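Here is the structure we will look at.
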Amino acid sequence: MSNTTRPIKRALVSVFHKEGIEVLAKAFVAAGTEVVSTGSTAAKLAELGVNVTEVQKVTGFPESLDGRVKTLDPHIHAGILADMTNPDHVEQLKELGIKPFDLVVVNLYPFADTVRSGANEADTIEKIDIGGPSMVRGAAKNSATVAIVTDPKDYALVAQRVEDGTGFTLEERRYLAAKAFAHTAAYDATIIEWASKQWPKPASLTVEPNADDAETVIDEKLFPATLTETWDRTHVLRYGENPHQQAALYLDPLNRNGFAHAEQLGGKPMSYNNYVDADAAWRAVWDFAPQIAVAVVKHNNPCGLALGATVAEAHRKAHACDPMSAYGGVIAANSTVTLEMAEGVRPIFTEVIVAPDYEPEALELLKTKKKNLRILKVAEPPKSARQIRQIDGGLLVQSTDLINAVGDDPNAWKLVSGEPADEQTIKDLVFAWRAIRCVKSNAILVAHDQATVGIGMGQVNRVDSCNLAVERANTLADGANRTKGSVAASDAFFPFADGAEILINAGVKAIVQPGGSIRDGEVFEAAKKANVTMYVTGTRHFFH
């Protein structure tokens, strides 16, 4: 036995969740371990045959303030924090008449569960554990001589070490301590996340900035001074973007909504790339709610997006934009998938389909005829108000682009060329402008009848994006000129007239773009010469 190993002779147990405690009780009885415990935990252990001592008998002070004060007492914390390798600590415990603990087993009040339940503020506050984290942190700090256990998955191992009398080595106690610190840090992070939303900074504490202060006033709910949040690992994925990369899915413990919580109804397990593409498709279709929309996404970019009177019609129009690229893509709908749509999806190789619901016949067809298709059900539309992206050594945080800027309202658009668009053309321009949000920059989108017909995305110059959009519109349509009479949108201004001229020469009748180039005059003049309607929005929708 290692000289760092310390047998477990005395244990402190205080757990809210009692599941699995039976295995510990059996070991305590077998080994004759002295056990100190709190309230309901003590009652449960006694019921299981453990000769347990209640905390109040150790402290000489009853549980008080509706249970808020139980273990916050030197008789408990001195026994936890005494480093028994330190002779001075050993001597002080003897003088104080306090016995040390070798093992502390704690799990905390269910704060996250309480928040998710919709509990009121008072009930939520009562589930902020004070004594529990204090015991955990104390035992973890004193891992030199104390083993701390916070995870019920470790109970079987603890029971074994209790029964055979070996206890844990210093190396093992250090590992358990690190695990415990992570547990309390995550617990506190959930409290911070809740409190920062429930208790925002009041106006009375806000100091008016000096006139010379150039700092931007920011929403502290979305951008707190210190970003402290936690996520729980819930799924280990087969691999990341590539097979040599590891990957996992983490979830916010306070939230049980959103795409990450999709219910999988059929097909193979989700991959990293499946999640990325399906999330992009899911957000794209909800940009158009309450209109029925379907998106086909490949490599985080739409290869088709359309509105329809029915979800089947929207899917047909979206798929027709670029059938070649749709192979192996992701389909998202913001309406219930019908049998008619499922029949349309059936012959197409598709990785994932996601929708708020499925007709029973549609679900049966997809599950039986496309066994590998990942079928996801997500009841709620996207709600994230903030986006986080990691860069080396830090995070970039921004508010979500919700297409809610002043320039997103067509009534605010400025006509800079041609005649005002008719009603149908305006509908197509509005569709194209909303659709451009989900296309990677530089982005050009050609649309007709509220469906994409050509998309140019992710190019390093706008001319290439224009050429790509026109090429895809016309070479994928059996020779038909799908750009003639269509409309186009650009996610940012045209730096020169050449990009707009490519669209104009291809037959586009109307263009919507942000404007703002130093050569706007040249761009507007090119549109005027061709008698093409052009609107500027004053708003851009970059998507990197």
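Convention: chains lettered A, B, ... in structure tokens order; per-chain residue numbering from 1; ligands numbered from 1 as shown.
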*asked:* If DSSP is run on the backbone, what residues of segment 60-250 of chain A are helix (DSSP H, G or I)? A reply as a PyMOL selection string would be ideal.
replied: chain A and resi 74-81+87-96+111-116+121-126+131-141+152-164+170-198+203-205
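The shell of residues at most 10 Å from Asp164 of chain A, with only C-alpha atoms counted and near chain neighbours (fewer than 6 positions) removed, consists of Pro7, Ile8, Ala27, Ala30 and Ala31 of chain A.
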File of the preceding selection, C-alpha atoms, as a short mmCIF file (atom, residue, chain, number, x, y, z; two decimals), in the first residue's frame:
```cif
data_model
loop_
_atom_site.label_atom_id
_atom_site.label_comp_id
_atom_site.auth_asym_id
_atom_site.auth_seq_id
_atom_site.Cartn_x
_atom_site.Cartn_y
_atom_site.Cartn_z
CA PRO A 7 -8.05 4.34 4.77
CA ILE A 8 -11.57 5.68 5.18
CA ALA A 27 -19.95 -0.68 2.39
CA ALA A 30 -19.52 -3.87 6.28
CA ALA A 31 -16.47 -1.80 7.17
#
```
*Looking only at strand (DSSP E or B) from DSSP on the backbone, list the matching residues of segment 358-540 of chain A as an MDAnalysis selection string.*
chainID A and resid 358 374:377 386:391 394:399 414:417 444:448 451:456 487:490 510:513 533:536
Could the residues in this selection be saved with C-alpha atoms as a PDB file, in the first residue's frame?
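Below you can see part33.pdb, which holds the result:
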```pdb
ATOM      1  CA  TYR A 358     -44.012  15.049 -39.062  1.00  0.00           C
ATOM      2  CA  ARG A 374     -31.213  11.337 -39.480  1.00  0.00           C
ATOM      3  CA  ILE A 375     -34.733  12.554 -38.682  1.00  0.00           C
ATOM      4  CA  LEU A 376     -34.841  15.387 -36.161  1.00  0.00           C
ATOM      5  CA  LYS A 377     -37.791  17.009 -34.456  1.00  0.00           C
ATOM      6  CA  ARG A 386     -26.174  35.929 -28.728  1.00  0.00           C
ATOM      7  CA  GLN A 387     -23.517  34.144 -30.773  1.00  0.00           C
ATOM      8  CA  ILE A 388     -20.130  33.024 -29.468  1.00  0.00           C
ATOM      9  CA  ARG A 389     -17.135  32.109 -31.600  1.00  0.00           C
ATOM     10  CA  GLN A 390     -13.809  30.900 -30.278  1.00  0.00           C
ATOM     11  CA  ILE A 391     -10.560  32.362 -31.522  1.00  0.00           C
ATOM     12  CA  GLY A 394     -10.322  34.179 -26.514  1.00  0.00           C
ATOM     13  CA  LEU A 395     -13.947  34.477 -27.558  1.00  0.00           C
ATOM     14  CA  LEU A 396     -15.805  36.799 -29.895  1.00  0.00           C
ATOM     15  CA  VAL A 397     -19.368  37.509 -28.781  1.00  0.00           C
ATOM     16  CA  GLN A 398     -22.048  39.297 -30.786  1.00  0.00           C
ATOM     17  CA  SER A 399     -25.799  39.732 -30.814  1.00  0.00           C
ATOM     18  CA  LYS A 414     -34.145  53.937 -51.133  1.00  0.00           C
ATOM     19  CA  LEU A 415     -34.823  53.637 -54.863  1.00  0.00           C
ATOM     20  CA  VAL A 416     -31.646  54.704 -56.695  1.00  0.00           C
ATOM     21  CA  SER A 417     -32.347  53.397 -60.187  1.00  0.00           C
ATOM     22  CA  ILE A 444     -24.916  37.076 -54.135  1.00  0.00           C
ATOM     23  CA  LEU A 445     -28.354  35.502 -54.419  1.00  0.00           C
ATOM     24  CA  VAL A 446     -30.621  35.338 -57.483  1.00  0.00           C
ATOM     25  CA  ALA A 447     -34.301  34.633 -56.833  1.00  0.00           C
ATOM     26  CA  HIS A 448     -37.602  34.240 -58.654  1.00  0.00           C
ATOM     27  CA  ALA A 451     -37.229  30.802 -54.377  1.00  0.00           C
ATOM     28  CA  THR A 452     -33.495  30.867 -54.951  1.00  0.00           C
ATOM     29  CA  VAL A 453     -32.394  30.035 -58.492  1.00  0.00           C
ATOM     30  CA  GLY A 454     -28.689  30.792 -58.145  1.00  0.00           C
ATOM     31  CA  ILE A 455     -26.380  31.411 -55.191  1.00  0.00           C
ATOM     32  CA  GLY A 456     -22.774  32.583 -55.154  1.00  0.00           C
ATOM     33  CA  VAL A 487     -34.103  39.605 -58.876  1.00  0.00           C
ATOM     34  CA  ALA A 488     -30.802  39.654 -57.016  1.00  0.00           C
ATOM     35  CA  ALA A 489     -29.523  40.553 -53.564  1.00  0.00           C
ATOM     36  CA  SER A 490     -26.003  41.329 -52.373  1.00  0.00           C
ATOM     37  CA  ALA A 510     -34.094  44.322 -59.953  1.00  0.00           C
ATOM     38  CA  ILE A 511     -31.329  44.387 -57.361  1.00  0.00           C
ATOM     39  CA  VAL A 512     -31.313  45.107 -53.624  1.00  0.00           C
ATOM     40  CA  GLN A 513     -28.016  45.908 -51.909  1.00  0.00           C
ATOM     41  CA  THR A 533     -34.535  48.761 -60.616  1.00  0.00           C
ATOM     42  CA  MET A 534     -32.095  49.084 -57.726  1.00  0.00           C
ATOM     43  CA  TYR A 535     -32.783  49.664 -54.042  1.00  0.00           C
ATOM     44  CA  VAL A 536     -30.274  50.357 -51.279  1.00  0.00           C
TER      45      VAL A 536
END
```
*Compile the contact shell of Glu471 of chain A as a PyMOL selection string: residues with an atom at most 10 Å away, counting only C-alpha atoms, same-chain residues fewer than 5 positions apart removed.*
chain A and resi 454-456+465-466+476+481-483+506
With C-alpha atoms retained, write the just-selected residues as a PDB file, in the first residue's frame.
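Result saved to again-v9.pdb:
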```
ATOM      1  CA  GLY A 454     -28.689  30.792 -58.145  1.00  0.00           C
ATOM      2  CA  ILE A 455     -26.380  31.411 -55.191  1.00  0.00           C
ATOM      3  CA  GLY A 456     -22.774  32.583 -55.154  1.00  0.00           C
ATOM      4  CA  SER A 465     -19.817  35.479 -56.373  1.00  0.00           C
ATOM      5  CA  CYS A 466     -21.854  37.180 -59.116  1.00  0.00           C
ATOM      6  CA  LEU A 476     -28.179  23.660 -63.726  1.00  0.00           C
ATOM      7  CA  ASN A 481     -31.914  31.242 -68.583  1.00  0.00           C
ATOM      8  CA  ARG A 482     -33.238  31.428 -65.055  1.00  0.00           C
ATOM      9  CA  THR A 483     -31.639  34.801 -64.353  1.00  0.00           C
ATOM     10  CA  ALA A 506     -27.557  38.062 -67.206  1.00  0.00           C
TER      11      ALA A 506
END
```
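What separates atom CA of Phe524 of chain A from atom CA of Gly538 of chain A is a distance of 14.4 Å.
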Please report, as a tab-separated table, each residue of segment 312-395 of chain A lying at most 12 Å from segment 282-294 of chain A, together with the nearest pair of atoms and the separation in Å rounded to one decimal; use only C-alpha atoms, and order rows by chain and ascending residue number.
```
residue	atom	partner	partner_atom	distance
A:Ala312	CA	A:Val294	CA	8.7
A:Glu313	CA	A:Val294	CA	9.0
A:Ala314	CA	A:Val294	CA	5.5
A:His315	CA	A:Val294	CA	5.4
A:Arg316	CA	A:Val294	CA	8.9
A:Lys317	CA	A:Val294	CA	8.6
A:Ala318	CA	A:Val294	CA	6.5
A:His319	CA	A:Val294	CA	9.0
A:Ala320	CA	A:Val294	CA	11.8
A:Cys321	CA	A:Val294	CA	11.9
A:Val330	CA	A:Trp282	CA	9.5
A:Ile331	CA	A:Val294	CA	7.1
A:Ala332	CA	A:Trp282	CA	5.5
A:Ala333	CA	A:Val294	CA	4.5
A:Asn334	CA	A:Val285	CA	5.7
A:Ser335	CA	A:Ile292	CA	6.1
A:Thr336	CA	A:Ile292	CA	9.5
A:Val337	CA	A:Val294	CA	10.1
A:Met341	CA	A:Val294	CA	10.4
A:Val345	CA	A:Val294	CA	11.8
A:Val352	CA	A:Trp282	CA	11.0
A:Ile353	CA	A:Trp282	CA	9.6
A:Val354	CA	A:Trp282	CA	7.2
A:Ala355	CA	A:Trp282	CA	8.0
A:Pro356	CA	A:Trp282	CA	9.8
A:Leu376	CA	A:Trp282	CA	10.6
A:Lys377	CA	A:Trp282	CA	10.7
A:Val378	CA	A:Trp282	CA	9.1
A:Ala379	CA	A:Trp282	CA	11.3
A:Glu380	CA	A:Trp286	CA	10.0
A:Pro381	CA	A:Trp286	CA	6.4
A:Pro382	CA	A:Arg283	CA	6.1
A:Lys383	CA	A:Arg283	CA	9.4
A:Ser384	CA	A:Arg283	CA	10.1
```
Using N, CA and C atoms, can you write the selected residues to a file as a short mmCIF file (atom, residue, chain, number, x, y, z; two decimals), in the first residue's frame?
```
data_model
loop_
_atom_site.label_atom_id
_atom_site.label_comp_id
_atom_site.auth_asym_id
_atom_site.auth_seq_id
_atom_site.Cartn_x
_atom_site.Cartn_y
_atom_site.Cartn_z
N ALA A 312 -44.47 20.87 -49.19
CA ALA A 312 -44.00 20.08 -50.33
C ALA A 312 -43.60 20.99 -51.48
N GLU A 313 -44.40 22.04 -51.73
CA GLU A 313 -44.07 22.97 -52.80
C GLU A 313 -42.77 23.71 -52.47
N ALA A 314 -42.63 24.14 -51.23
CA ALA A 314 -41.41 24.85 -50.83
C ALA A 314 -40.19 23.96 -51.02
N HIS A 315 -40.33 22.67 -50.70
CA HIS A 315 -39.20 21.75 -50.88
C HIS A 315 -38.86 21.58 -52.35
N ARG A 316 -39.86 21.41 -53.22
CA ARG A 316 -39.60 21.23 -54.65
C ARG A 316 -38.85 22.44 -55.20
N LYS A 317 -39.28 23.63 -54.82
CA LYS A 317 -38.66 24.84 -55.33
C LYS A 317 -37.23 25.00 -54.78
N ALA A 318 -37.03 24.66 -53.52
CA ALA A 318 -35.69 24.77 -52.93
C ALA A 318 -34.73 23.78 -53.58
N HIS A 319 -35.19 22.54 -53.78
CA HIS A 319 -34.34 21.51 -54.38
C HIS A 319 -33.99 21.87 -55.82
N ALA A 320 -34.93 22.47 -56.54
CA ALA A 320 -34.72 22.79 -57.96
C ALA A 320 -33.62 23.84 -58.16
N CYS A 321 -33.30 24.60 -57.12
CA CYS A 321 -32.27 25.63 -57.26
C CYS A 321 -30.93 25.01 -57.67
N VAL A 330 -28.59 18.72 -46.17
CA VAL A 330 -29.49 18.76 -45.02
C VAL A 330 -30.74 19.52 -45.42
N ILE A 331 -31.90 19.02 -45.05
CA ILE A 331 -33.16 19.68 -45.36
C ILE A 331 -33.80 20.15 -44.06
N ALA A 332 -34.23 21.40 -44.03
CA ALA A 332 -34.96 21.93 -42.87
C ALA A 332 -36.27 22.55 -43.34
N ALA A 333 -37.31 22.35 -42.55
CA ALA A 333 -38.61 22.95 -42.83
C ALA A 333 -39.12 23.60 -41.55
N ASN A 334 -39.81 24.72 -41.68
CA ASN A 334 -40.39 25.36 -40.50
C ASN A 334 -41.86 25.01 -40.33
N SER A 335 -42.30 23.96 -41.04
CA SER A 335 -43.68 23.49 -40.98
C SER A 335 -43.67 21.96 -40.92
N THR A 336 -44.76 21.38 -40.49
CA THR A 336 -44.86 19.93 -40.39
C THR A 336 -44.59 19.27 -41.73
N VAL A 337 -43.74 18.26 -41.72
CA VAL A 337 -43.43 17.53 -42.95
C VAL A 337 -44.61 16.63 -43.28
N MET A 341 -44.37 15.84 -49.03
CA MET A 341 -42.97 16.27 -48.98
C MET A 341 -42.05 15.07 -48.79
N VAL A 345 -38.72 13.86 -50.85
CA VAL A 345 -37.39 13.67 -50.25
C VAL A 345 -36.87 12.27 -50.52
N VAL A 352 -29.62 14.68 -43.27
CA VAL A 352 -30.45 15.05 -42.11
C VAL A 352 -31.70 15.76 -42.62
N ILE A 353 -32.81 15.53 -41.95
CA ILE A 353 -34.01 16.34 -42.15
C ILE A 353 -34.48 16.80 -40.78
N VAL A 354 -34.83 18.08 -40.67
CA VAL A 354 -35.25 18.63 -39.38
C VAL A 354 -36.49 19.46 -39.59
N ALA A 355 -37.47 19.29 -38.70
CA ALA A 355 -38.75 19.99 -38.79
C ALA A 355 -39.39 20.03 -37.41
N PRO A 356 -40.37 20.90 -37.22
CA PRO A 356 -41.06 20.94 -35.92
C PRO A 356 -41.93 19.72 -35.68
N LEU A 376 -34.84 14.60 -37.38
CA LEU A 376 -34.84 15.39 -36.16
C LEU A 376 -36.14 16.16 -36.02
N LYS A 377 -36.61 16.23 -34.79
CA LYS A 377 -37.79 17.01 -34.46
C LYS A 377 -37.40 18.07 -33.44
N VAL A 378 -37.64 19.33 -33.78
CA VAL A 378 -37.36 20.44 -32.87
C VAL A 378 -38.61 21.30 -32.80
N ALA A 379 -39.20 21.35 -31.63
CA ALA A 379 -40.49 22.03 -31.50
C ALA A 379 -40.38 23.54 -31.55
N GLU A 380 -39.26 24.08 -31.06
CA GLU A 380 -39.15 25.53 -30.90
C GLU A 380 -38.29 26.14 -32.00
N PRO A 381 -38.64 27.33 -32.47
CA PRO A 381 -37.76 28.05 -33.41
C PRO A 381 -36.51 28.54 -32.68
N PRO A 382 -35.47 28.92 -33.41
CA PRO A 382 -34.25 29.42 -32.76
C PRO A 382 -34.54 30.64 -31.90
N LYS A 383 -33.91 30.70 -30.73
CA LYS A 383 -34.15 31.81 -29.81
C LYS A 383 -32.86 32.48 -29.33
N SER A 384 -31.71 32.00 -29.75
CA SER A 384 -30.45 32.54 -29.23
C SER A 384 -30.30 34.00 -29.62
#
```
*Please provide as a list in words all residues within 7 Å of segment 149-153 of chain A, with the sequence filter that same-chain residues fewer than 3 positions apart are discarded (counting only C-alpha atoms).*
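Surrounding residues, per the criterion: Gly20, Val104, Val105, Val106, Asn107, Leu176 and Ala180 of chain A.
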_Gap from atom CA of Ser486 of chain A to atom CA of Val439 of chain A - Å, one decimal_ =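 Computed distance, atom CA of Ser486 of chain A to atom CA of Val439 of chain A, equals 18.2 Å.
Excluding His77 of chain A and any residue on its chain fewer than 4 positions from it, the residues at most 12 Å away by only C-alpha atoms are Leu12, Val55, Val58, Thr59, Lys70, Thr71, Leu72, Asp73, Leu81, Ala82, Asp83, Leu93, Ile98, Lys99, Pro100, Phe101, Val104, Gly131, Gly132, Pro133, Ser134, Met135, Val136, Arg137, Gly138, Ala139, Lys141, Asn142 and Val146 of chain A.
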*asked:* So that I can see what lies close to Gly485 of chain A, please list as number ranges by chain the residues with an atom at most 6 Å from it, counting only C-alpha atoms and leaving out residues fewer than 2 positions away in the same chain.
replied: A: 507-509
